[in-house]
$ cat input01.cif   # mmCIF, C-alpha atoms and all ligand atoms
data_data
#
loop_
_atom_site.group_PDB
_atom_site.id
_atom_site.type_symbol
_atom_site.label_atom_id
_atom_site.label_comp_id
_atom_site.auth_asym_id
_atom_site.auth_seq_id
_atom_site.Cartn_x
_atom_site.Cartn_y
_atom_site.Cartn_z
ATOM 1 C CA MET A 117 268.778 -66.332 134.764
ATOM 2 C CA LYS A 118 270.873 -64.734 132.039
ATOM 3 C CA ILE A 119 271.219 -67.293 129.265
ATOM 4 C CA ALA A 120 273.389 -67.171 126.129
ATOM 5 C CA ILE A 121 272.158 -69.281 123.223
ATOM 6 C CA GLY A 122 273.740 -70.275 119.922
ATOM 7 C CA SER A 123 273.358 -72.847 117.180
ATOM 8 C CA ASP A 124 274.433 -73.688 113.666
ATOM 9 C CA HIS A 125 272.189 -73.602 110.580
ATOM 10 C CA VAL A 126 270.665 -76.999 111.485
ATOM 11 C CA GLY A 127 270.039 -76.103 115.123
ATOM 12 C CA LEU A 128 268.472 -72.848 113.993
ATOM 13 C CA GLU A 129 265.334 -74.848 113.123
ATOM 14 C CA LEU A 130 264.717 -75.442 116.828
ATOM 15 C CA LYS A 131 266.285 -72.328 118.354
ATOM 16 C CA PRO A 132 263.357 -69.851 118.046
ATOM 17 C CA ALA A 133 261.014 -72.206 119.929
ATOM 18 C CA ILE A 134 263.600 -72.623 122.692
ATOM 19 C CA ILE A 135 264.205 -68.879 122.969
ATOM 20 C CA GLU A 136 260.452 -68.306 123.220
ATOM 21 C CA TYR A 137 260.154 -70.979 125.900
ATOM 22 C CA LEU A 138 263.058 -69.553 127.928
ATOM 23 C CA GLU A 139 261.491 -66.108 127.798
ATOM 24 C CA GLU A 140 258.125 -67.517 128.889
ATOM 25 C CA LEU A 141 259.934 -68.985 131.902
ATOM 26 C CA GLY A 142 261.197 -65.487 132.716
ATOM 27 C CA HIS A 143 264.837 -65.840 131.629
ATOM 28 C CA GLU A 144 266.840 -63.142 129.857
ATOM 29 C CA VAL A 145 268.134 -64.636 126.599
ATOM 30 C CA THR A 146 270.878 -63.380 124.283
ATOM 31 C CA ASP A 147 271.169 -65.065 120.887
ATOM 32 C CA TYR A 148 274.730 -65.337 119.562
ATOM 33 C CA GLY A 149 273.514 -66.494 116.147
ATOM 34 C CA PRO A 150 273.251 -67.509 113.463
ATOM 35 C CA THR A 151 270.086 -65.726 112.335
ATOM 36 C CA SER A 152 269.987 -66.988 108.751
ATOM 37 C CA SER A 153 269.652 -70.580 107.580
ATOM 38 C CA GLU A 154 272.681 -70.243 105.313
ATOM 39 C CA ARG A 155 275.092 -73.153 105.816
ATOM 40 C CA THR A 156 277.668 -72.345 108.502
ATOM 41 C CA ASP A 157 279.982 -74.022 111.053
ATOM 42 C CA TYR A 158 279.000 -74.895 114.624
ATOM 43 C CA PRO A 159 282.434 -74.139 116.189
ATOM 44 C CA ILE A 160 281.955 -70.415 115.471
ATOM 45 C CA PHE A 161 278.784 -70.103 117.552
ATOM 46 C CA SER A 162 279.823 -72.611 120.174
ATOM 47 C CA LYS A 163 283.000 -70.640 120.838
ATOM 48 C CA LYS A 164 281.091 -67.344 121.124
ATOM 49 C CA VAL A 165 278.592 -68.677 123.664
ATOM 50 C CA SER A 166 281.149 -70.708 125.615
ATOM 51 C CA THR A 167 283.579 -67.828 125.916
ATOM 52 C CA GLU A 168 280.803 -65.611 127.284
ATOM 53 C CA VAL A 169 279.673 -68.244 129.795
ATOM 54 C CA ALA A 170 283.261 -68.976 130.882
ATOM 55 C CA ALA A 171 283.757 -65.233 131.462
ATOM 56 C CA ALA A 172 280.692 -65.307 133.778
ATOM 57 C CA ASN A 173 278.794 -62.854 131.572
ATOM 58 C CA TYR A 174 275.884 -65.351 131.651
ATOM 59 C CA ASP A 175 274.603 -67.856 134.178
ATOM 60 C CA ARG A 176 274.247 -70.628 131.602
ATOM 61 C CA GLY A 177 274.541 -71.390 127.891
ATOM 62 C CA ILE A 178 272.433 -73.428 125.489
ATOM 63 C CA LEU A 179 273.767 -74.737 122.160
ATOM 64 C CA ILE A 180 271.887 -76.482 119.358
ATOM 65 C CA CYS A 181 273.282 -78.187 116.249
ATOM 66 C CA GLY A 182 272.056 -81.231 114.311
ATOM 67 C CA THR A 183 273.032 -83.742 116.983
ATOM 68 C CA GLY A 184 274.341 -81.567 119.841
ATOM 69 C CA ILE A 185 277.667 -83.343 119.461
ATOM 70 C CA GLY A 186 279.943 -81.021 117.480
ATOM 71 C CA ILE A 187 278.717 -77.958 119.302
ATOM 72 C CA SER A 188 279.287 -79.551 122.752
ATOM 73 C CA ILE A 189 282.717 -80.952 121.832
ATOM 74 C CA THR A 190 283.735 -77.421 120.844
ATOM 75 C CA ALA A 191 282.291 -75.923 124.037
ATOM 76 C CA ASN A 192 284.299 -78.346 126.167
ATOM 77 C CA LYS A 193 287.528 -76.978 124.656
ATOM 78 C CA ILE A 194 286.936 -73.680 126.455
ATOM 79 C CA ARG A 195 288.470 -73.507 129.923
ATOM 80 C CA GLY A 196 285.819 -73.608 132.637
ATOM 81 C CA ILE A 197 283.093 -75.007 130.412
ATOM 82 C CA ARG A 198 281.353 -78.236 131.319
ATOM 83 C CA ALA A 199 278.967 -78.889 128.450
ATOM 84 C CA VAL A 200 276.610 -81.842 128.158
ATOM 85 C CA ALA A 201 274.953 -83.125 124.990
ATOM 86 C CA CYS A 202 271.552 -84.478 126.047
ATOM 87 C CA SER A 203 268.599 -86.086 124.329
ATOM 88 C CA GLU A 204 266.575 -86.884 127.454
ATOM 89 C CA PRO A 205 265.783 -85.063 130.712
ATOM 90 C CA TYR A 206 267.322 -87.518 133.205
ATOM 91 C CA SER A 207 270.882 -86.946 132.012
ATOM 92 C CA ALA A 208 270.237 -83.210 131.793
ATOM 93 C CA LYS A 209 269.182 -83.116 135.469
ATOM 94 C CA LEU A 210 272.046 -85.340 136.658
ATOM 95 C CA SER A 211 274.567 -83.340 134.656
ATOM 96 C CA ARG A 212 273.643 -80.355 136.821
ATOM 97 C CA GLU A 213 273.442 -82.212 140.130
ATOM 98 C CA HIS A 214 276.694 -84.172 139.732
ATOM 99 C CA ASN A 215 278.784 -82.427 137.087
ATOM 100 C CA ASN A 216 277.767 -78.783 137.546
ATOM 101 C CA THR A 217 277.320 -78.352 133.791
ATOM 102 C CA ASN A 218 277.132 -74.767 132.626
ATOM 103 C CA ILE A 219 276.209 -75.480 128.997
ATOM 104 C CA LEU A 220 273.416 -77.677 127.678
ATOM 105 C CA ALA A 221 273.541 -78.910 124.085
ATOM 106 C CA PHE A 222 271.073 -80.895 122.032
ATOM 107 C CA GLY A 223 270.329 -81.748 118.428
ATOM 108 C CA SER A 224 267.448 -80.517 116.304
ATOM 109 C CA ARG A 225 267.725 -83.777 114.319
ATOM 110 C CA VAL A 226 267.472 -85.813 117.517
ATOM 111 C CA VAL A 227 264.824 -84.177 119.700
ATOM 112 C CA GLY A 228 261.573 -82.435 118.827
ATOM 113 C CA PRO A 229 260.552 -79.115 120.358
ATOM 114 C CA GLU A 230 258.491 -80.531 123.239
ATOM 115 C CA LEU A 231 261.175 -82.970 124.382
ATOM 116 C CA ALA A 232 263.790 -80.236 124.020
ATOM 117 C CA LYS A 233 261.733 -77.956 126.287
ATOM 118 C CA MET A 234 261.444 -80.718 128.887
ATOM 119 C CA ILE A 235 265.231 -81.235 128.785
ATOM 120 C CA VAL A 236 265.797 -77.482 129.155
ATOM 121 C CA LYS A 237 263.389 -77.223 132.103
ATOM 122 C CA GLU A 238 264.970 -80.133 134.016
ATOM 123 C CA TRP A 239 268.440 -78.745 133.390
ATOM 124 C CA LEU A 240 267.572 -75.201 134.485
ATOM 125 C CA ASP A 241 265.706 -76.328 137.595
ATOM 126 C CA ALA A 242 268.340 -78.756 138.873
ATOM 127 C CA GLU A 243 270.874 -77.531 141.438
ATOM 128 C CA TYR A 244 274.485 -78.650 141.688
ATOM 129 C CA GLU A 245 274.819 -80.860 144.778
ATOM 130 C CA GLY A 246 278.519 -80.221 145.482
ATOM 131 C CA GLY A 247 279.726 -82.466 148.333
ATOM 132 C CA ARG A 248 281.290 -85.652 147.023
ATOM 133 C CA HIS A 249 280.941 -84.407 143.450
ATOM 134 C CA GLN A 250 283.123 -81.366 144.010
ATOM 135 C CA ARG A 251 286.326 -83.383 144.233
ATOM 136 C CA ARG A 252 285.641 -84.873 140.791
ATOM 137 C CA VAL A 253 284.731 -81.538 139.241
ATOM 138 C CA ASP A 254 287.970 -80.153 140.725
ATOM 139 C CA MET A 255 289.839 -83.022 139.062
ATOM 140 C CA ILE A 256 288.433 -81.887 135.692
ATOM 141 C CA SER A 257 289.710 -78.356 136.380
ATOM 142 C CA GLU A 258 293.141 -79.748 137.295
ATOM 143 C CA ILE A 259 293.331 -81.506 133.931
ATOM 144 C CA GLU A 260 292.524 -78.187 132.224
ATOM 145 C CA GLU A 261 295.321 -76.530 134.193
ATOM 146 C CA GLU A 262 297.799 -79.300 133.275
ATOM 147 C CA ASN A 263 296.952 -78.734 129.615
ATOM 148 C CA ASP A 264 297.526 -74.995 129.943
ATOM 149 C CA ARG A 265 301.072 -75.476 131.230
HETATM 150 C C1 LIG A 301 275.792 -80.128 110.170
HETATM 151 O O1 LIG A 301 275.537 -80.848 109.004
HETATM 152 C C2 LIG A 301 275.973 -81.088 111.334
HETATM 153 O O2 LIG A 301 277.159 -81.782 111.181
HETATM 154 C C3 LIG A 301 275.955 -80.342 112.662
HETATM 155 O O3 LIG A 301 274.736 -79.682 112.810
HETATM 156 C C4 LIG A 301 276.104 -81.180 113.912
HETATM 157 O O4 LIG A 301 275.202 -82.215 113.952
HETATM 158 C C5 LIG A 301 277.484 -81.615 114.220
HETATM 159 O O5 LIG A 301 277.768 -82.252 115.236
#

$ encode --input "input01.cif" --output "structure tokens"
Amino acid sequence: MKIAIGSDHVGLELKPAIIEYLEELGHEVTDYGPTSSERTDYPIFSKKVSTEVAAANYDRGILICGTGIGISITANKIRGIRAVACSEPYSAKLSREHNNTNILAFGSRVVGPELAKMIVKEWLDAEYEGGRHQRRVDMISEIEEENDR
């Protein structure tokens, strides 16, 4: 898969290990920054990755900040993005199967590298089930459209 990744300065602590893992799994990864540990703001990098994923330039996006919260809240402001902040693999898997998430977020202050890799693997491997879930995902899109009017 083509995967866009981004973080803030806190998430940067975990990002290189995740990029390496994704590449080991055979994915093509593009890093939207930051590359230095200088203090910065998660909305900048969340917006970059989310905009690219929403434009279908990537199959999926991965975002890392301290908790995964700020960076996922920002991602969910972009039309067409369904981002989940996860700190365990079960929710990551179900977020794909039921909610068709296209962005995974987690926090470098919450999960260690091995748990983060497990979360990533479950999320990438899980398929969206469609069926009864599609109506609900469509309802989310309708709310986006109402807000655009
Ligand atoms: C940065 O201090 C921190 O607020 C950020 O990484 C993230 O956890 C926000 O949700």

$ closest_residue --input "input01.cif" --among "A:Ile121, A:Thr146, A:Glu140, A:Ile160" --to "ligand LIG 301 (chain A)" --atoms "only C-alpha atoms and all ligand atoms"
A:Ile160

$ residues_near_ligand --input "input01.cif" --ligand "ligand LIG 301 (chain A)" --cutoff "12 Å" --atoms "only C-alpha atoms and all ligand atoms" --output "count of residues only"
39

$ residues_around --input "input01.cif" --residues "His214 of chain A" --least-positions-apart "2" --cutoff "8 Å" --atoms "only C-alpha atoms" --output "list in words"
Leu210, Ser211, Arg212, Asn216, Tyr244, Glu245, Gly246 and His249 of chain A

$ closest_residue --input "input01.cif" --among "A:Ala208, A:Val200, A:Ile135, A:Ala120" --to "Ser166 of chain A" --atoms "only C-alpha atoms"
A:Ala120

$ atom_distance --input "input01.cif" --atom1 "atom CA of Gly247 of chain A" --atom2 "atom CA of Pro205 of chain A"
22.6 Å

$ resolve_selection --input "input01.cif" --expression "the PyMOL selection byres (((chain A and resi 193-196) around 10) and not hetatm)" --output "list in words"
Ser162, Lys163, Ser166, Thr167, Val169, Ala170, Ala171, Ala172, Ser188, Ile189, Thr190, Ala191, Asn192, Ile197, Arg198, Ala199, Thr217, Asn218, Ile256, Ser257, Glu260, Glu261, Asn263 and Asp264 of chain A

$ residues_near_point --input "input01.cif" --point "(264.1, -84.1, 134.5)" --cutoff "6 Å" --atoms "all atoms listed in the file" --output "ChimeraX atom specification"
/A:205-206,209,238

$ closest_residue --input "input01.cif" --among "A:Tyr148, A:Ile134, A:Glu168, A:Tyr174" --to "Ile119 of chain A" --atoms "only C-alpha atoms"
A:Tyr174

$ closest_residue --input "input01.cif" --among "A:Val165, A:Leu138, A:Asn215, A:Pro132" --to "Ser152 of chain A" --atoms "only C-alpha atoms"
A:Pro132

$ closest_residue --input "input01.cif" --among "A:Ala133, A:Ile259, A:Val145, A:Leu220" --to "Val236 of chain A" --atoms "all atoms listed in the file"
A:Leu220

$ closest_residue --input "input01.cif" --among "A:Leu231, A:Lys118, A:Thr151, A:Ile219" --to "Glu139 of chain A" --atoms "all atoms listed in the file"
A:Lys118

$ atom_distance --input "input01.cif" --atom1 "atom CA of Leu141 of chain A" --atom2 "atom CA of Val253 of chain A"
28.7 Å

$ atom_distance --input "input01.cif" --atom1 "atom CA of His143 of chain A" --atom2 "atom CA of Asp241 of chain A"
12.1 Å
